[in-house]
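Colleague: Contents of work-v9.cif (mmCIF, N, CA and C atoms):
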data_upload
#
loop_
_atom_site.label_atom_id
_atom_site.label_comp_id
_atom_site.auth_asym_id
_atom_site.auth_seq_id
_atom_site.Cartn_x
_atom_site.Cartn_y
_atom_site.Cartn_z
N MET A 82 -6.49 -11.87 -23.33
CA MET A 82 -5.40 -11.44 -24.17
C MET A 82 -4.64 -10.33 -23.45
N VAL A 83 -3.32 -10.42 -23.50
CA VAL A 83 -2.47 -9.43 -22.87
C VAL A 83 -1.60 -8.79 -23.94
N VAL A 84 -1.58 -7.47 -23.97
CA VAL A 84 -0.72 -6.74 -24.89
C VAL A 84 0.53 -6.34 -24.12
N THR A 85 1.69 -6.68 -24.68
CA THR A 85 2.95 -6.41 -24.02
C THR A 85 3.82 -5.51 -24.88
N LYS A 86 4.49 -4.59 -24.24
CA LYS A 86 5.41 -3.72 -24.95
C LYS A 86 6.57 -4.56 -25.48
N TRP A 87 6.94 -4.35 -26.74
CA TRP A 87 8.00 -5.13 -27.35
C TRP A 87 9.35 -4.78 -26.74
N SER A 88 10.18 -5.79 -26.58
CA SER A 88 11.57 -5.58 -26.18
C SER A 88 12.41 -6.66 -26.84
N PRO A 89 13.72 -6.49 -26.93
CA PRO A 89 14.57 -7.51 -27.53
C PRO A 89 14.54 -8.83 -26.77
N ASN A 90 14.17 -8.79 -25.49
CA ASN A 90 14.11 -10.00 -24.66
C ASN A 90 12.75 -10.68 -24.69
N LEU A 91 11.84 -10.19 -25.51
CA LEU A 91 10.49 -10.74 -25.57
C LEU A 91 10.51 -12.20 -26.02
N ARG A 92 9.85 -13.05 -25.28
CA ARG A 92 9.73 -14.47 -25.62
C ARG A 92 8.27 -14.76 -25.89
N PRO A 93 7.92 -15.09 -27.13
CA PRO A 93 6.50 -15.26 -27.48
C PRO A 93 5.84 -16.45 -26.77
N ASN A 94 6.61 -17.41 -26.29
CA ASN A 94 6.02 -18.57 -25.61
C ASN A 94 5.89 -18.36 -24.10
N GLU A 95 6.19 -17.15 -23.63
CA GLU A 95 6.05 -16.82 -22.21
C GLU A 95 5.28 -15.52 -22.07
N ASP A 96 4.55 -15.39 -20.96
CA ASP A 96 3.84 -14.14 -20.67
C ASP A 96 4.73 -13.26 -19.80
N SER A 97 4.59 -11.97 -19.97
CA SER A 97 5.30 -11.04 -19.10
C SER A 97 4.60 -11.04 -17.74
N PRO A 98 5.35 -11.12 -16.65
CA PRO A 98 4.72 -11.05 -15.33
C PRO A 98 4.39 -9.62 -14.91
N ILE A 99 4.76 -8.64 -15.72
CA ILE A 99 4.48 -7.24 -15.42
C ILE A 99 3.11 -6.89 -15.99
N VAL A 100 2.15 -6.66 -15.10
CA VAL A 100 0.77 -6.41 -15.53
C VAL A 100 0.16 -5.24 -14.73
N PRO A 101 -0.82 -4.55 -15.32
CA PRO A 101 -1.51 -3.50 -14.56
C PRO A 101 -2.52 -4.11 -13.59
N VAL A 102 -2.50 -3.63 -12.36
CA VAL A 102 -3.41 -4.12 -11.32
C VAL A 102 -3.87 -2.91 -10.51
N TRP A 103 -5.16 -2.87 -10.21
CA TRP A 103 -5.68 -1.82 -9.33
C TRP A 103 -5.36 -2.20 -7.89
N VAL A 104 -4.83 -1.24 -7.13
CA VAL A 104 -4.59 -1.44 -5.71
C VAL A 104 -5.44 -0.44 -4.93
N ILE A 105 -5.84 -0.86 -3.76
CA ILE A 105 -6.64 -0.01 -2.87
C ILE A 105 -5.84 0.20 -1.59
N ILE A 106 -5.80 1.43 -1.15
CA ILE A 106 -5.18 1.75 0.13
C ILE A 106 -6.29 2.28 1.03
N PRO A 107 -6.81 1.42 1.92
CA PRO A 107 -7.89 1.86 2.80
C PRO A 107 -7.37 2.76 3.93
N ASN A 108 -8.26 3.59 4.42
CA ASN A 108 -7.96 4.46 5.58
C ASN A 108 -6.72 5.32 5.39
N LEU A 109 -6.55 5.83 4.19
CA LEU A 109 -5.41 6.70 3.90
C LEU A 109 -5.59 8.03 4.64
N PRO A 110 -4.58 8.48 5.37
CA PRO A 110 -4.69 9.79 6.03
C PRO A 110 -5.02 10.88 5.01
N ILE A 111 -5.88 11.79 5.39
CA ILE A 111 -6.40 12.80 4.47
C ILE A 111 -5.28 13.64 3.85
N HIS A 112 -4.21 13.89 4.59
CA HIS A 112 -3.13 14.72 4.04
C HIS A 112 -2.31 13.99 2.98
N LEU A 113 -2.52 12.68 2.81
CA LEU A 113 -1.84 11.92 1.77
C LEU A 113 -2.78 11.58 0.61
N ASP A 114 -4.04 11.98 0.72
CA ASP A 114 -5.02 11.68 -0.33
C ASP A 114 -4.94 12.76 -1.41
N ASP A 115 -3.87 12.68 -2.16
CA ASP A 115 -3.54 13.67 -3.18
C ASP A 115 -2.83 12.91 -4.30
N GLN A 116 -3.08 13.27 -5.55
CA GLN A 116 -2.54 12.51 -6.68
C GLN A 116 -1.01 12.39 -6.62
N LYS A 117 -0.33 13.48 -6.37
CA LYS A 117 1.13 13.45 -6.33
C LYS A 117 1.63 12.53 -5.22
N ALA A 118 1.02 12.63 -4.04
CA ALA A 118 1.41 11.78 -2.92
C ALA A 118 1.11 10.31 -3.21
N LEU A 119 -0.06 10.03 -3.80
CA LEU A 119 -0.42 8.65 -4.11
C LEU A 119 0.52 8.02 -5.13
N LEU A 120 0.90 8.79 -6.15
CA LEU A 120 1.82 8.27 -7.15
C LEU A 120 3.18 7.97 -6.53
N CYS A 121 3.62 8.82 -5.62
CA CYS A 121 4.88 8.60 -4.92
C CYS A 121 4.80 7.37 -4.01
N ILE A 122 3.72 7.26 -3.26
CA ILE A 122 3.54 6.13 -2.33
C ILE A 122 3.46 4.81 -3.09
N THR A 123 2.64 4.76 -4.13
CA THR A 123 2.45 3.49 -4.85
C THR A 123 3.63 3.13 -5.73
N SER A 124 4.54 4.07 -5.97
CA SER A 124 5.74 3.74 -6.75
C SER A 124 6.62 2.75 -6.00
N LYS A 125 6.38 2.57 -4.71
CA LYS A 125 7.11 1.56 -3.93
C LYS A 125 6.65 0.15 -4.29
N LEU A 126 5.49 0.04 -4.93
CA LEU A 126 4.95 -1.27 -5.33
C LEU A 126 5.26 -1.60 -6.78
N GLY A 127 5.35 -0.58 -7.61
CA GLY A 127 5.55 -0.76 -9.05
C GLY A 127 5.43 0.59 -9.73
N LYS A 128 5.12 0.56 -11.01
CA LYS A 128 5.01 1.80 -11.78
C LYS A 128 3.55 2.28 -11.76
N PRO A 129 3.28 3.41 -11.09
CA PRO A 129 1.91 3.93 -11.07
C PRO A 129 1.47 4.38 -12.46
N LEU A 130 0.25 4.01 -12.83
CA LEU A 130 -0.28 4.37 -14.14
C LEU A 130 -1.39 5.40 -14.06
N LYS A 131 -2.30 5.25 -13.06
CA LYS A 131 -3.49 6.10 -13.04
C LYS A 131 -4.12 6.07 -11.65
N VAL A 132 -4.58 7.21 -11.22
CA VAL A 132 -5.39 7.31 -10.01
C VAL A 132 -6.84 7.37 -10.47
N ASP A 133 -7.71 6.58 -9.86
CA ASP A 133 -9.10 6.56 -10.34
C ASP A 133 -9.84 7.85 -10.00
N ASN A 134 -10.89 8.12 -10.76
CA ASN A 134 -11.63 9.38 -10.63
C ASN A 134 -12.26 9.57 -9.27
N ALA A 135 -12.79 8.51 -8.68
CA ALA A 135 -13.42 8.63 -7.36
C ALA A 135 -12.39 9.06 -6.31
N THR A 136 -11.17 8.60 -6.46
CA THR A 136 -10.09 9.01 -5.55
C THR A 136 -9.73 10.48 -5.79
N LEU A 137 -9.60 10.85 -7.05
CA LEU A 137 -9.24 12.24 -7.38
C LEU A 137 -10.31 13.23 -6.93
N ASN A 138 -11.58 12.83 -7.02
CA ASN A 138 -12.70 13.71 -6.65
C ASN A 138 -13.09 13.60 -5.18
N PHE A 139 -12.40 12.78 -4.43
CA PHE A 139 -12.70 12.54 -3.01
C PHE A 139 -14.12 12.04 -2.79
N SER A 140 -14.69 11.35 -3.77
CA SER A 140 -16.05 10.84 -3.61
C SER A 140 -16.06 9.50 -2.88
N ARG A 141 -14.90 8.91 -2.65
CA ARG A 141 -14.78 7.69 -1.86
C ARG A 141 -13.69 7.93 -0.81
N PRO A 142 -14.01 8.64 0.26
CA PRO A 142 -12.98 9.05 1.22
C PRO A 142 -12.37 7.92 2.04
N LYS A 143 -13.00 6.77 2.08
CA LYS A 143 -12.50 5.67 2.91
C LYS A 143 -11.31 4.94 2.30
N ALA A 144 -11.09 5.08 0.97
CA ALA A 144 -10.01 4.33 0.32
C ALA A 144 -9.55 5.03 -0.94
N ALA A 145 -8.25 4.94 -1.18
CA ALA A 145 -7.67 5.45 -2.43
C ALA A 145 -7.43 4.27 -3.36
N ARG A 146 -7.59 4.50 -4.65
CA ARG A 146 -7.45 3.42 -5.64
C ARG A 146 -6.53 3.90 -6.76
N VAL A 147 -5.48 3.09 -7.04
CA VAL A 147 -4.48 3.46 -8.04
C VAL A 147 -4.17 2.23 -8.88
N CYS A 148 -4.04 2.42 -10.19
CA CYS A 148 -3.64 1.34 -11.08
C CYS A 148 -2.12 1.40 -11.22
N ILE A 149 -1.46 0.27 -10.97
CA ILE A 149 0.00 0.22 -11.08
C ILE A 149 0.43 -1.01 -11.87
N GLU A 150 1.58 -0.92 -12.49
CA GLU A 150 2.19 -2.09 -13.12
C GLU A 150 3.02 -2.80 -12.07
N ILE A 151 2.70 -4.07 -11.84
CA ILE A 151 3.46 -4.83 -10.86
C ILE A 151 3.93 -6.15 -11.46
N ASP A 152 4.93 -6.72 -10.84
CA ASP A 152 5.46 -8.02 -11.24
C ASP A 152 4.76 -9.09 -10.41
N VAL A 153 3.80 -9.79 -11.01
CA VAL A 153 3.02 -10.78 -10.27
C VAL A 153 3.77 -12.09 -10.06
N SER A 154 5.01 -12.20 -10.58
CA SER A 154 5.81 -13.39 -10.31
C SER A 154 6.49 -13.28 -8.94
N LYS A 155 6.43 -12.09 -8.34
CA LYS A 155 7.02 -11.86 -7.02
C LYS A 155 5.92 -11.74 -5.98
N ASN A 156 6.31 -11.87 -4.72
CA ASN A 156 5.34 -11.70 -3.64
C ASN A 156 4.81 -10.27 -3.64
N LEU A 157 3.51 -10.13 -3.45
CA LEU A 157 2.88 -8.81 -3.43
C LEU A 157 2.94 -8.24 -2.01
N HIS A 158 3.38 -7.01 -1.91
CA HIS A 158 3.49 -6.35 -0.61
C HIS A 158 2.10 -6.13 -0.03
N GLN A 159 1.95 -6.40 1.25
CA GLN A 159 0.68 -6.20 1.93
C GLN A 159 0.61 -4.85 2.64
N LYS A 160 1.77 -4.23 2.83
CA LYS A 160 1.84 -2.92 3.48
C LYS A 160 2.92 -2.08 2.80
N ILE A 161 2.74 -0.77 2.88
CA ILE A 161 3.74 0.18 2.38
C ILE A 161 4.19 1.02 3.57
N HIS A 162 5.50 1.14 3.72
CA HIS A 162 6.05 1.99 4.78
C HIS A 162 6.23 3.40 4.21
N VAL A 163 5.64 4.37 4.89
CA VAL A 163 5.75 5.76 4.47
C VAL A 163 6.31 6.56 5.64
N LYS A 164 7.39 7.27 5.39
CA LYS A 164 7.95 8.16 6.40
C LYS A 164 7.43 9.55 6.08
N HIS A 165 6.62 10.10 6.98
CA HIS A 165 6.03 11.42 6.76
C HIS A 165 6.39 12.32 7.93
N ILE A 166 7.24 13.29 7.68
CA ILE A 166 7.80 14.18 8.70
C ILE A 166 8.44 13.31 9.78
N ASP A 167 7.87 13.22 10.97
CA ASP A 167 8.44 12.38 12.02
C ASP A 167 7.64 11.11 12.25
N ASP A 168 6.65 10.87 11.42
CA ASP A 168 5.80 9.69 11.60
C ASP A 168 6.22 8.56 10.67
N ASP A 169 6.16 7.34 11.19
CA ASP A 169 6.30 6.13 10.38
C ASP A 169 4.91 5.56 10.19
N LEU A 170 4.43 5.58 8.95
CA LEU A 170 3.10 5.04 8.65
C LEU A 170 3.26 3.72 7.90
N PHE A 171 2.42 2.77 8.24
CA PHE A 171 2.37 1.50 7.53
C PHE A 171 0.97 1.37 6.95
N LEU A 172 0.88 1.56 5.64
CA LEU A 172 -0.41 1.59 4.96
C LEU A 172 -0.74 0.21 4.39
N GLN A 173 -1.94 -0.25 4.67
CA GLN A 173 -2.41 -1.53 4.13
C GLN A 173 -2.62 -1.41 2.63
N VAL A 174 -2.30 -2.49 1.90
CA VAL A 174 -2.48 -2.53 0.45
C VAL A 174 -3.37 -3.72 0.10
N LEU A 175 -4.43 -3.47 -0.65
CA LEU A 175 -5.31 -4.53 -1.15
C LEU A 175 -5.21 -4.54 -2.67
N TYR A 176 -5.17 -5.73 -3.25
CA TYR A 176 -5.05 -5.87 -4.71
C TYR A 176 -6.37 -6.35 -5.28
N GLU A 177 -6.81 -5.75 -6.37
CA GLU A 177 -8.05 -6.16 -7.05
C GLU A 177 -7.72 -7.22 -8.09
N ASP A 178 -7.98 -8.45 -7.76
CA ASP A 178 -7.84 -9.59 -8.68
C ASP A 178 -6.52 -9.63 -9.45
N PRO A 179 -5.39 -9.70 -8.75
CA PRO A 179 -4.13 -9.85 -9.50
C PRO A 179 -4.10 -11.22 -10.16
N PRO A 180 -3.63 -11.32 -11.39
CA PRO A 180 -3.60 -12.63 -12.05
C PRO A 180 -2.54 -13.53 -11.42
N SER A 181 -2.80 -14.83 -11.46
CA SER A 181 -1.79 -15.80 -11.02
C SER A 181 -0.70 -15.86 -12.08
N PHE A 182 0.50 -16.23 -11.65
CA PHE A 182 1.61 -16.40 -12.60
C PHE A 182 2.30 -17.71 -12.28
N CYS A 183 2.52 -18.51 -13.30
CA CYS A 183 3.13 -19.83 -13.13
C CYS A 183 4.66 -19.72 -13.26
N ASP A 184 5.35 -20.11 -12.21
CA ASP A 184 6.81 -20.10 -12.23
C ASP A 184 7.38 -21.23 -13.09
N SER A 185 6.55 -22.20 -13.41
CA SER A 185 7.00 -23.34 -14.20
C SER A 185 6.98 -23.04 -15.70
N CYS A 186 5.84 -22.61 -16.23
CA CYS A 186 5.73 -22.37 -17.69
C CYS A 186 5.77 -20.89 -18.05
N HIS A 187 5.80 -20.02 -17.04
CA HIS A 187 5.87 -18.57 -17.24
C HIS A 187 4.67 -18.03 -18.01
N ARG A 188 3.49 -18.50 -17.61
CA ARG A 188 2.23 -18.03 -18.20
C ARG A 188 1.34 -17.45 -17.10
N LEU A 189 0.49 -16.51 -17.50
CA LEU A 189 -0.49 -15.93 -16.59
C LEU A 189 -1.72 -16.82 -16.52
N GLY A 190 -2.45 -16.75 -15.42
CA GLY A 190 -3.75 -17.42 -15.33
C GLY A 190 -3.78 -18.65 -14.45
N HIS A 191 -2.64 -19.15 -14.04
CA HIS A 191 -2.58 -20.30 -13.14
C HIS A 191 -1.24 -20.26 -12.41
N ASN A 192 -1.08 -21.15 -11.42
CA ASN A 192 0.20 -21.22 -10.72
C ASN A 192 0.86 -22.58 -10.97
N ALA A 193 2.03 -22.79 -10.41
CA ALA A 193 2.82 -24.00 -10.68
C ALA A 193 2.11 -25.27 -10.21
N THR A 194 1.30 -25.19 -9.15
CA THR A 194 0.63 -26.39 -8.65
C THR A 194 -0.48 -26.87 -9.58
N THR A 195 -1.03 -25.98 -10.39
CA THR A 195 -2.09 -26.37 -11.33
C THR A 195 -1.63 -26.33 -12.78
N CYS A 196 -0.31 -26.26 -13.00
CA CYS A 196 0.23 -26.13 -14.35
C CYS A 196 0.19 -27.45 -15.10
N LYS A 197 -0.52 -27.47 -16.21
CA LYS A 197 -0.58 -28.67 -17.05
C LYS A 197 0.73 -28.85 -17.81
N GLY A 198 1.38 -27.77 -18.15
CA GLY A 198 2.66 -27.84 -18.85
C GLY A 198 3.74 -28.48 -18.00
N ALA A 199 3.74 -28.20 -16.70
CA ALA A 199 4.73 -28.80 -15.80
C ALA A 199 4.51 -30.30 -15.71
N TYR A 200 3.26 -30.74 -15.69
CA TYR A 200 2.95 -32.16 -15.63
C TYR A 200 3.44 -32.85 -16.90
N THR A 201 3.21 -32.24 -18.04
CA THR A 201 3.64 -32.81 -19.32
C THR A 201 5.16 -32.92 -19.37
N ARG A 202 5.87 -31.88 -18.96
CA ARG A 202 7.34 -31.92 -18.97
C ARG A 202 7.85 -32.97 -18.00
N LYS A 203 7.22 -33.09 -16.82
CA LYS A 203 7.65 -34.07 -15.84
C LYS A 203 7.43 -35.48 -16.39
N SER A 204 6.29 -35.73 -17.03
CA SER A 204 5.99 -37.04 -17.60
C SER A 204 7.00 -37.39 -18.69
N GLN A 205 7.33 -36.43 -19.54
CA GLN A 205 8.31 -36.67 -20.60
C GLN A 205 9.67 -36.98 -20.01
N TRP A 206 10.07 -36.28 -18.96
CA TRP A 206 11.35 -36.50 -18.32
C TRP A 206 11.40 -37.89 -17.69
N GLU A 207 10.31 -38.28 -16.99
CA GLU A 207 10.27 -39.60 -16.35
C GLU A 207 10.31 -40.72 -17.39
N THR A 208 9.61 -40.55 -18.50
CA THR A 208 9.61 -41.55 -19.56
C THR A 208 11.01 -41.70 -20.14
N TYR A 209 11.69 -40.62 -20.36
CA TYR A 209 13.02 -40.63 -20.95
C TYR A 209 14.05 -41.25 -20.01
N HIS A 210 13.90 -41.02 -18.71
CA HIS A 210 14.89 -41.47 -17.73
C HIS A 210 14.55 -42.79 -17.05
N ARG A 211 13.66 -43.56 -17.59
CA ARG A 211 13.33 -44.87 -16.99
C ARG A 211 14.29 -45.91 -17.43
#
Take the structure in the file and write it out as structure tokens.
Modeller:
Amino acid sequence: MVVTKWSPNLRPNEDSPIVPVWVIIPNLPIHLDDQKALLCITSKLGKPLKVDNATLNFSRPKAARVCIEIDVSKNLHQKIHVKHIDDDLFLQVLYEDPPSFCDSCHRLGHNATTCKGAYTRKSQWETYHR
């Protein structure tokens, strides 16, 4: 079950592709392992919601973990470009189980190649146009 913020454009027969997903940034330089910096960096991917406690407490120094709202109907970025003073950093981004999104029926949980709704619509169209 997904709870979605109401808007005038809300369509009850479609899922919103904007969902919270935990992202991991491995090997983050120590000077960027700070809540304010992480929220700024991850805002390039979507809307940052929360930095996990292990990241805030530095109990997992090898990777930072942040929950962000992202649009899973679009391609997920694999790297983030960060300009820090005179350095260009390209930080790897790993996603923790982002849900699939179907471009055909606009539902979460599967993609267009496995969409049963697309098959049904195609069958109805072929039957009608024979």
Colleague: Would you list the contacts of range 175-183 of chain A as an NGL selection string, taking every protein, DNA or RNA residue within 7 Å and counting all atoms listed in the file, but skipping same-chain residues closer than 2 positions in sequence?
Modeller: :A and (98 or 102-107 or 153-154 or 159 or 173 or 185-194)
Colleague: List every residue of chain A that DSSP, applied to the backbone of this structure, assigns to alpha helix (DSSP H), and report them as a ChimeraX atom specification.
Modeller: /A:116-123,134-137,197-209
Colleague: With 6 Å of padding per side, what axis-aligned box (centre and edge lengths, Å, one decimal) covers all the listed atoms of range 184-189 of chain A? Give it as JSON.
Modeller:
{"center_x": 2.8, "center_y": -19.6, "center_z": -15.2, "size_x": 21.1, "size_y": 19.4, "size_z": 18.0}
Colleague: Would you compute the distance between CA of Lys164 in chain A and atom C of Gly127 in chain A? Give it in Å to one decimal.
Modeller: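 Between these atoms lies a distance of 18.0 Å.
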Colleague: So that I can check the secondary structure, give me every residue of chain A assigned strand (DSSP E or B) by backbone DSSP, as a ChimeraX atom specification.
Modeller: /A:99-107,128-132,144-152,160-165,168-173,175-176,182,189
Colleague: CA of Ile161 in chain A and atom N of Val100 in chain A, how far apart in Å?
Modeller: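 Here the two named atoms are 18.8 Å from each other.
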Colleague: Counting only C-alpha atoms, which residue out of A:Thr136, A:Lys143, A:Ile99, A:Lys128 sits closest to Gln116 in chain A?
Modeller: A:Thr136
Colleague: Quick one: distance from CA of Pro129 in chain A to CA of Ala145 in chain A in Å, one decimal?
Modeller: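 Pair CA of Pro129 in chain A / CA of Ala145 in chain A returns 13.0 Å.
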Colleague: Which polymer residues, whether protein, DNA or RNA, lie within 8 Å of the coordinate (4.0, 0.2, -1.4) when you count only C-alpha atoms? List them as a PyMOL selection string, using the chain letters and numbers from the file.
Modeller: chain A and resi 122-127+158-162+172+174
Colleague: I want to know what sits within 12 Å of Phe139 in chain A, based on only C-alpha atoms, with residues of the same chain fewer than 2 positions away left out; could you give that as a list in words?
Modeller: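 Close residues of Phe139 in chain A: Leu109, Ile111, Leu113, Asp114, Asp115, Gln116, Val132, Asp133, Asn134, Ala135, Thr136, Leu137, Arg141, Pro142, Lys143, Ala144, Ala145 and Arg146 of chain A.
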Colleague: With N, CA and C atoms as the atom set, please write range 170-186 of chain A from the structure just given, as a PDB file, in the first residue's frame.
Modeller:
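Result file is selection.pdb:
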ATOM      1  N   LEU A 170      34.036  16.109  -8.068  1.00  0.00           N
ATOM      2  CA  LEU A 170      33.853  14.768  -7.520  1.00  0.00           C
ATOM      3  C   LEU A 170      32.668  14.106  -8.204  1.00  0.00           C
ATOM      4  N   PHE A 171      32.805  12.833  -8.494  1.00  0.00           N
ATOM      5  CA  PHE A 171      31.710  12.042  -9.043  1.00  0.00           C
ATOM      6  C   PHE A 171      31.444  10.919  -8.049  1.00  0.00           C
ATOM      7  N   LEU A 172      30.350  11.057  -7.321  1.00  0.00           N
ATOM      8  CA  LEU A 172      30.025  10.120  -6.250  1.00  0.00           C
ATOM      9  C   LEU A 172      29.084   9.040  -6.759  1.00  0.00           C
ATOM     10  N   GLN A 173      29.426   7.797  -6.473  1.00  0.00           N
ATOM     11  CA  GLN A 173      28.577   6.666  -6.848  1.00  0.00           C
ATOM     12  C   GLN A 173      27.303   6.680  -6.010  1.00  0.00           C
ATOM     13  N   VAL A 174      26.182   6.298  -6.633  1.00  0.00           N
ATOM     14  CA  VAL A 174      24.895   6.223  -5.942  1.00  0.00           C
ATOM     15  C   VAL A 174      24.343   4.814  -6.087  1.00  0.00           C
ATOM     16  N   LEU A 175      23.981   4.198  -4.966  1.00  0.00           N
ATOM     17  CA  LEU A 175      23.336   2.884  -4.961  1.00  0.00           C
ATOM     18  C   LEU A 175      21.935   3.058  -4.395  1.00  0.00           C
ATOM     19  N   TYR A 176      20.965   2.375  -4.988  1.00  0.00           N
ATOM     20  CA  TYR A 176      19.572   2.478  -4.546  1.00  0.00           C
ATOM     21  C   TYR A 176      19.170   1.188  -3.847  1.00  0.00           C
ATOM     22  N   GLU A 177      18.492   1.309  -2.711  1.00  0.00           N
ATOM     23  CA  GLU A 177      18.003   0.139  -1.976  1.00  0.00           C
ATOM     24  C   GLU A 177      16.602  -0.211  -2.457  1.00  0.00           C
ATOM     25  N   ASP A 178      16.507  -1.208  -3.291  1.00  0.00           N
ATOM     26  CA  ASP A 178      15.231  -1.754  -3.768  1.00  0.00           C
ATOM     27  C   ASP A 178      14.230  -0.710  -4.258  1.00  0.00           C
ATOM     28  N   PRO A 179      14.593   0.070  -5.277  1.00  0.00           N
ATOM     29  CA  PRO A 179      13.585   0.998  -5.808  1.00  0.00           C
ATOM     30  C   PRO A 179      12.481   0.199  -6.497  1.00  0.00           C
ATOM     31  N   PRO A 180      11.227   0.582  -6.327  1.00  0.00           N
ATOM     32  CA  PRO A 180      10.150  -0.178  -6.963  1.00  0.00           C
ATOM     33  C   PRO A 180      10.156   0.028  -8.475  1.00  0.00           C
ATOM     34  N   SER A 181       9.704  -0.981  -9.195  1.00  0.00           N
ATOM     35  CA  SER A 181       9.530  -0.846 -10.641  1.00  0.00           C
ATOM     36  C   SER A 181       8.313   0.023 -10.893  1.00  0.00           C
ATOM     37  N   PHE A 182       8.304   0.695 -12.038  1.00  0.00           N
ATOM     38  CA  PHE A 182       7.148   1.506 -12.420  1.00  0.00           C
ATOM     39  C   PHE A 182       6.808   1.189 -13.867  1.00  0.00           C
ATOM     40  N   CYS A 183       5.540   0.924 -14.120  1.00  0.00           N
ATOM     41  CA  CYS A 183       5.079   0.556 -15.458  1.00  0.00           C
ATOM     42  C   CYS A 183       4.671   1.809 -16.237  1.00  0.00           C
ATOM     43  N   ASP A 184       5.332   2.029 -17.361  1.00  0.00           N
ATOM     44  CA  ASP A 184       4.996   3.164 -18.217  1.00  0.00           C
ATOM     45  C   ASP A 184       3.687   2.946 -18.964  1.00  0.00           C
ATOM     46  N   SER A 185       3.224   1.716 -18.996  1.00  0.00           N
ATOM     47  CA  SER A 185       1.993   1.398 -19.717  1.00  0.00           C
ATOM     48  C   SER A 185       0.744   1.676 -18.877  1.00  0.00           C
ATOM     49  N   CYS A 186       0.671   1.097 -17.674  1.00  0.00           N
ATOM     50  CA  CYS A 186      -0.537   1.257 -16.839  1.00  0.00           C
ATOM     51  C   CYS A 186      -0.334   2.255 -15.694  1.00  0.00           C
TER      52      CYS A 186
END
